[in-house]
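These notes concern the structure reproduced below.
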Amino acid sequence: MKIDEIDVLILKELEKDSRVSIRELSKRINLSPPSVTERVRKLEEHGIIEGYTIKINKKKLNLSIDCIIKITMRNGQYEKFKEFIKDYKRSEWGYRIAGNGCFIIKLSVKALDEIEEFINEISSYAITETMIAFSEVEINNRIDKFILE
């Protein structure tokens, strides 16, 4: 699917507020509601829009410690770890990586003992290196950074 400037406008508005109504969205980009509906549908069908979500303030939920853990598998148990991490209670994201290590994951926890518990659960088949985050660096991830060069 080729994305044009109107699609980018739609994506920018949805990025600001994914709960905006089609009527309001059409006003913001100066396009009829049926046209906006059709474009949004196409963006969804082509997988450009994968879903709509909310941003949760983890600190308000007392999840005040973020850590990044590099995981190196022993005995090639990649699938075992992937199944384990998929639904792990405090995992926020994870990547299979190249280089020094096999996976990198982010946990958001209430206390350091939760990190220790995680490490203990995988220690029979993985080696870990843990980094505690002091603060988050703001990164501008607006949609226009990634499309329309």
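Residue numbering restarts at 1 in every chain; chains get A, B, ... in the order shown in the structure tokens, and ligands count up from 1 in that same order.
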Task: Selection near A:Ser18, 9 Å with only C-alpha atoms, sequence-local residues under 4 positions removed, as a list in words - done: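 The neighbour list is Glu13, Leu14, Tyr52, Thr53 and Ile54 of chain A.
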Write the residues of the selection above to a file with N, CA, C and O atoms, as a JSON list (two decimals), in the first residue's frame.
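This went into selection08.json:
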[["chain", "number", "residue", "atom", "x", "y", "z"],
["A", 13, "GLU", "N", -3.05, 12.22, 13.47],
["A", 13, "GLU", "CA", -4.18, 12.53, 14.36],
["A", 13, "GLU", "C", -4.52, 11.34, 15.25],
["A", 13, "GLU", "O", -4.80, 11.51, 16.43],
["A", 14, "LEU", "N", -4.50, 10.14, 14.69],
["A", 14, "LEU", "CA", -4.78, 8.95, 15.48],
["A", 14, "LEU", "C", -3.67, 8.70, 16.51],
["A", 14, "LEU", "O", -3.93, 8.18, 17.60],
["A", 52, "TYR", "N", -5.36, -0.27, 18.37],
["A", 52, "TYR", "CA", -5.48, 0.98, 19.10],
["A", 52, "TYR", "C", -5.19, 0.66, 20.57],
["A", 52, "TYR", "O", -5.61, -0.38, 21.07],
["A", 53, "THR", "N", -4.48, 1.53, 21.23],
["A", 53, "THR", "CA", -4.04, 1.21, 22.58],
["A", 53, "THR", "C", -4.07, 2.43, 23.49],
["A", 53, "THR", "O", -4.41, 3.53, 23.06],
["A", 54, "ILE", "N", -3.72, 2.19, 24.73],
["A", 54, "ILE", "CA", -3.61, 3.27, 25.71],
["A", 54, "ILE", "C", -2.20, 3.28, 26.26],
["A", 54, "ILE", "O", -1.47, 2.29, 26.14]]
TODO: Please give the complete set of residues from stretch 109-145 of chain A that DSSP, run on the backbone, assigns to strand (DSSP E or B), formatted as a list of chain:residue names.
DONE: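 Of stretch 109-145 of chain A, only A:Val109, A:Ala126, A:Ile127, A:Thr128, A:Glu129, A:Thr130, A:Met131, A:Ile132, A:Ala133 fall in strand (DSSP E or B).
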Output of the above residues as an mmCIF file, in the first residue's frame, restricted to N, CA and C atoms:
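Contents of the output file result02.cif:
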data_model
loop_
_atom_site.group_PDB
_atom_site.id
_atom_site.type_symbol
_atom_site.label_atom_id
_atom_site.label_comp_id
_atom_site.auth_asym_id
_atom_site.auth_seq_id
_atom_site.Cartn_x
_atom_site.Cartn_y
_atom_site.Cartn_z
ATOM 1 N N VAL A 109 9.033 -3.411 37.439
ATOM 2 C CA VAL A 109 8.730 -4.116 38.683
ATOM 3 C C VAL A 109 8.508 -3.148 39.839
ATOM 4 N N ALA A 126 19.812 -20.177 31.349
ATOM 5 C CA ALA A 126 20.244 -18.897 30.774
ATOM 6 C C ALA A 126 21.180 -18.161 31.729
ATOM 7 N N ILE A 127 22.019 -17.326 31.137
ATOM 8 C CA ILE A 127 22.891 -16.422 31.887
ATOM 9 C C ILE A 127 22.361 -15.020 31.648
ATOM 10 N N THR A 128 22.335 -14.191 32.685
ATOM 11 C CA THR A 128 21.758 -12.853 32.541
ATOM 12 C C THR A 128 22.755 -11.767 32.907
ATOM 13 N N GLU A 129 22.504 -10.604 32.341
ATOM 14 C CA GLU A 129 23.204 -9.373 32.716
ATOM 15 C C GLU A 129 22.128 -8.305 32.860
ATOM 16 N N THR A 130 22.020 -7.722 34.037
ATOM 17 C CA THR A 130 20.913 -6.822 34.352
ATOM 18 C C THR A 130 21.390 -5.379 34.459
ATOM 19 N N MET A 131 20.630 -4.477 33.858
ATOM 20 C CA MET A 131 20.889 -3.035 33.944
ATOM 21 C C MET A 131 19.637 -2.369 34.497
ATOM 22 N N ILE A 132 19.793 -1.578 35.540
ATOM 23 C CA ILE A 132 18.679 -0.845 36.136
ATOM 24 C C ILE A 132 18.621 0.535 35.484
ATOM 25 N N ALA A 133 17.422 0.938 35.075
ATOM 26 C CA ALA A 133 17.237 2.255 34.452
ATOM 27 C C ALA A 133 16.984 3.301 35.527
#
Alpha helix (DSSP H) call set, DSSP backbone run, chain A, as a PDB file with C-alpha atoms, in the first residue's frame:
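Writing done, so here's selection.pdb:
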ATOM      1  CA  GLU A   5       0.015  12.811   2.673  1.00  0.00           C
ATOM      2  CA  ILE A   6      -3.645  12.416   3.683  1.00  0.00           C
ATOM      3  CA  ASP A   7      -2.898   8.985   5.160  1.00  0.00           C
ATOM      4  CA  VAL A   8      -0.035  10.561   7.090  1.00  0.00           C
ATOM      5  CA  LEU A   9      -2.386  13.255   8.424  1.00  0.00           C
ATOM      6  CA  ILE A  10      -4.817  10.541   9.544  1.00  0.00           C
ATOM      7  CA  LEU A  11      -2.027   8.589  11.241  1.00  0.00           C
ATOM      8  CA  LYS A  12      -0.732  11.718  12.983  1.00  0.00           C
ATOM      9  CA  GLU A  13      -4.181  12.531  14.356  1.00  0.00           C
ATOM     10  CA  LEU A  14      -4.778   8.952  15.484  1.00  0.00           C
ATOM     11  CA  GLU A  15      -1.345   8.957  17.089  1.00  0.00           C
ATOM     12  CA  LYS A  16      -2.366  12.006  19.154  1.00  0.00           C
ATOM     13  CA  ILE A  22     -14.399   9.674  12.532  1.00  0.00           C
ATOM     14  CA  ARG A  23     -16.474  12.848  12.406  1.00  0.00           C
ATOM     15  CA  GLU A  24     -13.881  14.794  14.439  1.00  0.00           C
ATOM     16  CA  LEU A  25     -11.013  13.238  12.504  1.00  0.00           C
ATOM     17  CA  SER A  26     -12.619  14.284   9.218  1.00  0.00           C
ATOM     18  CA  LYS A  27     -12.893  17.873  10.496  1.00  0.00           C
ATOM     19  CA  ARG A  28      -9.257  17.933  11.555  1.00  0.00           C
ATOM     20  CA  ILE A  29      -7.949  16.812   8.164  1.00  0.00           C
ATOM     21  CA  PRO A  33     -16.308  11.148   7.023  1.00  0.00           C
ATOM     22  CA  PRO A  34     -16.901   8.382   4.433  1.00  0.00           C
ATOM     23  CA  SER A  35     -13.494   9.071   2.857  1.00  0.00           C
ATOM     24  CA  VAL A  36     -11.790   9.035   6.261  1.00  0.00           C
ATOM     25  CA  THR A  37     -13.575   5.794   7.181  1.00  0.00           C
ATOM     26  CA  GLU A  38     -12.430   4.159   3.944  1.00  0.00           C
ATOM     27  CA  ARG A  39      -8.832   5.299   4.399  1.00  0.00           C
ATOM     28  CA  VAL A  40      -8.700   4.121   8.025  1.00  0.00           C
ATOM     29  CA  ARG A  41     -10.169   0.762   6.961  1.00  0.00           C
ATOM     30  CA  LYS A  42      -7.484   0.383   4.267  1.00  0.00           C
ATOM     31  CA  LEU A  43      -4.727   1.309   6.724  1.00  0.00           C
ATOM     32  CA  GLU A  44      -6.065  -1.382   9.056  1.00  0.00           C
ATOM     33  CA  GLU A  45      -6.477  -4.005   6.311  1.00  0.00           C
ATOM     34  CA  TYR A  78      15.433 -20.420  22.712  1.00  0.00           C
ATOM     35  CA  GLU A  79      11.888 -21.716  22.313  1.00  0.00           C
ATOM     36  CA  LYS A  80      11.609 -22.495  26.030  1.00  0.00           C
ATOM     37  CA  PHE A  81      12.571 -18.913  26.874  1.00  0.00           C
ATOM     38  CA  LYS A  82      10.261 -17.416  24.246  1.00  0.00           C
ATOM     39  CA  GLU A  83       7.319 -19.309  25.733  1.00  0.00           C
ATOM     40  CA  PHE A  84       8.338 -18.292  29.244  1.00  0.00           C
ATOM     41  CA  ILE A  85       8.735 -14.561  28.535  1.00  0.00           C
ATOM     42  CA  LYS A  86       5.622 -14.208  26.368  1.00  0.00           C
ATOM     43  CA  LEU A 112      14.266  -5.528  43.244  1.00  0.00           C
ATOM     44  CA  ASP A 113      13.290  -8.957  44.559  1.00  0.00           C
ATOM     45  CA  GLU A 114      11.042  -9.363  41.496  1.00  0.00           C
ATOM     46  CA  ILE A 115      14.118  -9.061  39.277  1.00  0.00           C
ATOM     47  CA  GLU A 116      15.890 -11.642  41.400  1.00  0.00           C
ATOM     48  CA  GLU A 117      12.861 -13.946  41.117  1.00  0.00           C
ATOM     49  CA  PHE A 118      12.941 -13.614  37.318  1.00  0.00           C
ATOM     50  CA  ILE A 119      16.667 -14.412  37.182  1.00  0.00           C
ATOM     51  CA  ASN A 120      16.194 -17.405  39.466  1.00  0.00           C
ATOM     52  CA  GLU A 121      13.424 -18.774  37.239  1.00  0.00           C
ATOM     53  CA  ILE A 122      15.636 -18.859  34.138  1.00  0.00           C
TER      54      ILE A 122
END
Open item on the list: To one decimal place in Å, what is the distance between atom CA of A:Glu138 and atom CA of A:Arg90?
Closed with: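 That distance, rounded to one decimal, is 21.8 Å.
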TODO: Might you pull out every residue within 10 Å of A:Gly101, with only C-alpha atoms counted and same-chain residues fewer than 2 positions away left off, and present them as a list in words?
DONE: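 Counting only C-alpha atoms, the residues come to Lys70, Ile71, Thr72, Met73, Arg96, Ile97, Ala98, Gly99, Phe103, Ile104, Ile127, Thr128 and Glu129 of chain A.
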Selection above as a file: all heavy atoms, as a compact mmCIF listing (two decimals), in the first residue's frame:
# COMPACT_ATOMS: atom_id res chain seq x y z
N LYS A 70 19.90 -8.59 29.58
CA LYS A 70 20.44 -9.31 28.43
C LYS A 70 20.51 -10.78 28.84
O LYS A 70 21.01 -11.11 29.91
CB LYS A 70 21.83 -8.79 28.06
CG LYS A 70 22.43 -9.51 26.87
CD LYS A 70 23.77 -8.92 26.47
CE LYS A 70 24.79 -9.25 27.53
NZ LYS A 70 26.15 -8.85 27.17
N ILE A 71 20.00 -11.64 27.99
CA ILE A 71 19.90 -13.06 28.31
C ILE A 71 20.67 -13.86 27.26
O ILE A 71 20.45 -13.70 26.06
CB ILE A 71 18.42 -13.50 28.35
CG1 ILE A 71 17.72 -12.73 29.47
CG2 ILE A 71 18.29 -14.99 28.54
CD1 ILE A 71 16.30 -12.45 29.23
N THR A 72 21.56 -14.71 27.75
CA THR A 72 22.31 -15.61 26.88
C THR A 72 21.89 -17.03 27.23
O THR A 72 21.97 -17.45 28.38
CB THR A 72 23.83 -15.43 27.10
OG1 THR A 72 24.17 -14.06 26.89
CG2 THR A 72 24.62 -16.32 26.14
N MET A 73 21.40 -17.74 26.22
CA MET A 73 20.88 -19.08 26.45
C MET A 73 22.00 -20.10 26.59
O MET A 73 23.03 -20.00 25.94
CB MET A 73 19.98 -19.51 25.28
CG MET A 73 18.84 -18.55 24.96
SD MET A 73 17.87 -18.02 26.36
CE MET A 73 17.21 -19.55 26.95
N ARG A 96 14.80 -10.74 20.19
CA ARG A 96 15.85 -11.72 19.88
C ARG A 96 16.92 -10.89 19.23
O ARG A 96 16.65 -10.13 18.28
CB ARG A 96 15.29 -12.79 18.94
CG ARG A 96 16.29 -13.80 18.46
CD ARG A 96 16.59 -14.81 19.56
NE ARG A 96 17.23 -16.01 19.02
CZ ARG A 96 18.56 -16.15 18.91
NH1 ARG A 96 19.36 -15.18 19.29
NH2 ARG A 96 19.07 -17.26 18.43
N ILE A 97 18.16 -11.00 19.69
CA ILE A 97 19.23 -10.12 19.20
C ILE A 97 20.40 -10.90 18.62
O ILE A 97 20.56 -12.09 18.89
CB ILE A 97 19.73 -9.18 20.32
CG1 ILE A 97 20.30 -9.97 21.50
CG2 ILE A 97 18.63 -8.24 20.77
CD1 ILE A 97 21.02 -9.13 22.54
N ALA A 98 21.22 -10.20 17.86
CA ALA A 98 22.49 -10.73 17.38
C ALA A 98 23.59 -10.10 18.21
O ALA A 98 23.39 -9.06 18.84
CB ALA A 98 22.67 -10.39 15.90
N GLY A 99 24.74 -10.70 18.20
CA GLY A 99 25.87 -10.14 18.93
C GLY A 99 26.06 -10.84 20.26
O GLY A 99 25.82 -12.04 20.39
N PHE A 103 18.85 -12.63 23.80
CA PHE A 103 17.64 -11.85 23.96
C PHE A 103 17.95 -10.62 24.81
O PHE A 103 18.88 -10.62 25.60
CB PHE A 103 16.54 -12.65 24.69
CG PHE A 103 16.04 -13.83 23.95
CD1 PHE A 103 16.61 -15.08 24.14
CD2 PHE A 103 14.98 -13.72 23.06
CE1 PHE A 103 16.15 -16.19 23.46
CE2 PHE A 103 14.52 -14.83 22.37
CZ PHE A 103 15.10 -16.06 22.57
N ILE A 104 17.13 -9.60 24.64
CA ILE A 104 17.14 -8.45 25.54
C ILE A 104 15.68 -8.18 25.88
O ILE A 104 14.82 -8.18 25.00
CB ILE A 104 17.86 -7.23 24.93
CG1 ILE A 104 18.09 -6.17 25.98
CG2 ILE A 104 17.13 -6.69 23.73
CD1 ILE A 104 19.11 -5.12 25.58
N ILE A 127 22.02 -17.33 31.14
CA ILE A 127 22.89 -16.42 31.89
C ILE A 127 22.36 -15.02 31.65
O ILE A 127 21.97 -14.68 30.52
CB ILE A 127 24.35 -16.53 31.39
CG1 ILE A 127 24.86 -17.96 31.58
CG2 ILE A 127 25.24 -15.52 32.08
CD1 ILE A 127 26.14 -18.25 30.85
N THR A 128 22.33 -14.19 32.69
CA THR A 128 21.76 -12.85 32.54
C THR A 128 22.76 -11.77 32.91
O THR A 128 23.70 -11.98 33.66
CB THR A 128 20.53 -12.70 33.46
OG1 THR A 128 20.95 -12.84 34.82
CG2 THR A 128 19.46 -13.71 33.13
N GLU A 129 22.50 -10.60 32.34
CA GLU A 129 23.20 -9.37 32.72
C GLU A 129 22.13 -8.30 32.86
O GLU A 129 21.39 -8.04 31.91
CB GLU A 129 24.21 -8.97 31.63
CG GLU A 129 25.00 -7.73 31.98
CD GLU A 129 25.99 -7.35 30.89
OE1 GLU A 129 26.43 -8.23 30.12
OE2 GLU A 129 26.30 -6.14 30.81
TODO: Could you tell me how far atom CA of A:Asp87 lies from atom CA of A:Gly47, in Å and to one decimal?
DONE: 23.6 Å
Open item on the list: Let me make sure I understand: among A:Leu107, A:Ile49, A:Leu31, A:Cys102, which one has the smallest atom-to-atom distance to A:Cys67 if we use only C-alpha atoms?
Closed with: A:Leu107
Open item on the list: Rounded to one decimal, what separation in Å do you get between atom CA of A:Ser123 and atom CA of A:Lys58?
Closed with: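 It comes out at 26.9 Å.
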Task: Using only C-alpha atoms: which of A:Asn57, A:Ser64, A:Gln77, A:Ser32 has the shortest distance to A:Ser108 - done: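 The closest residue to A:Ser108 is A:Ser64.
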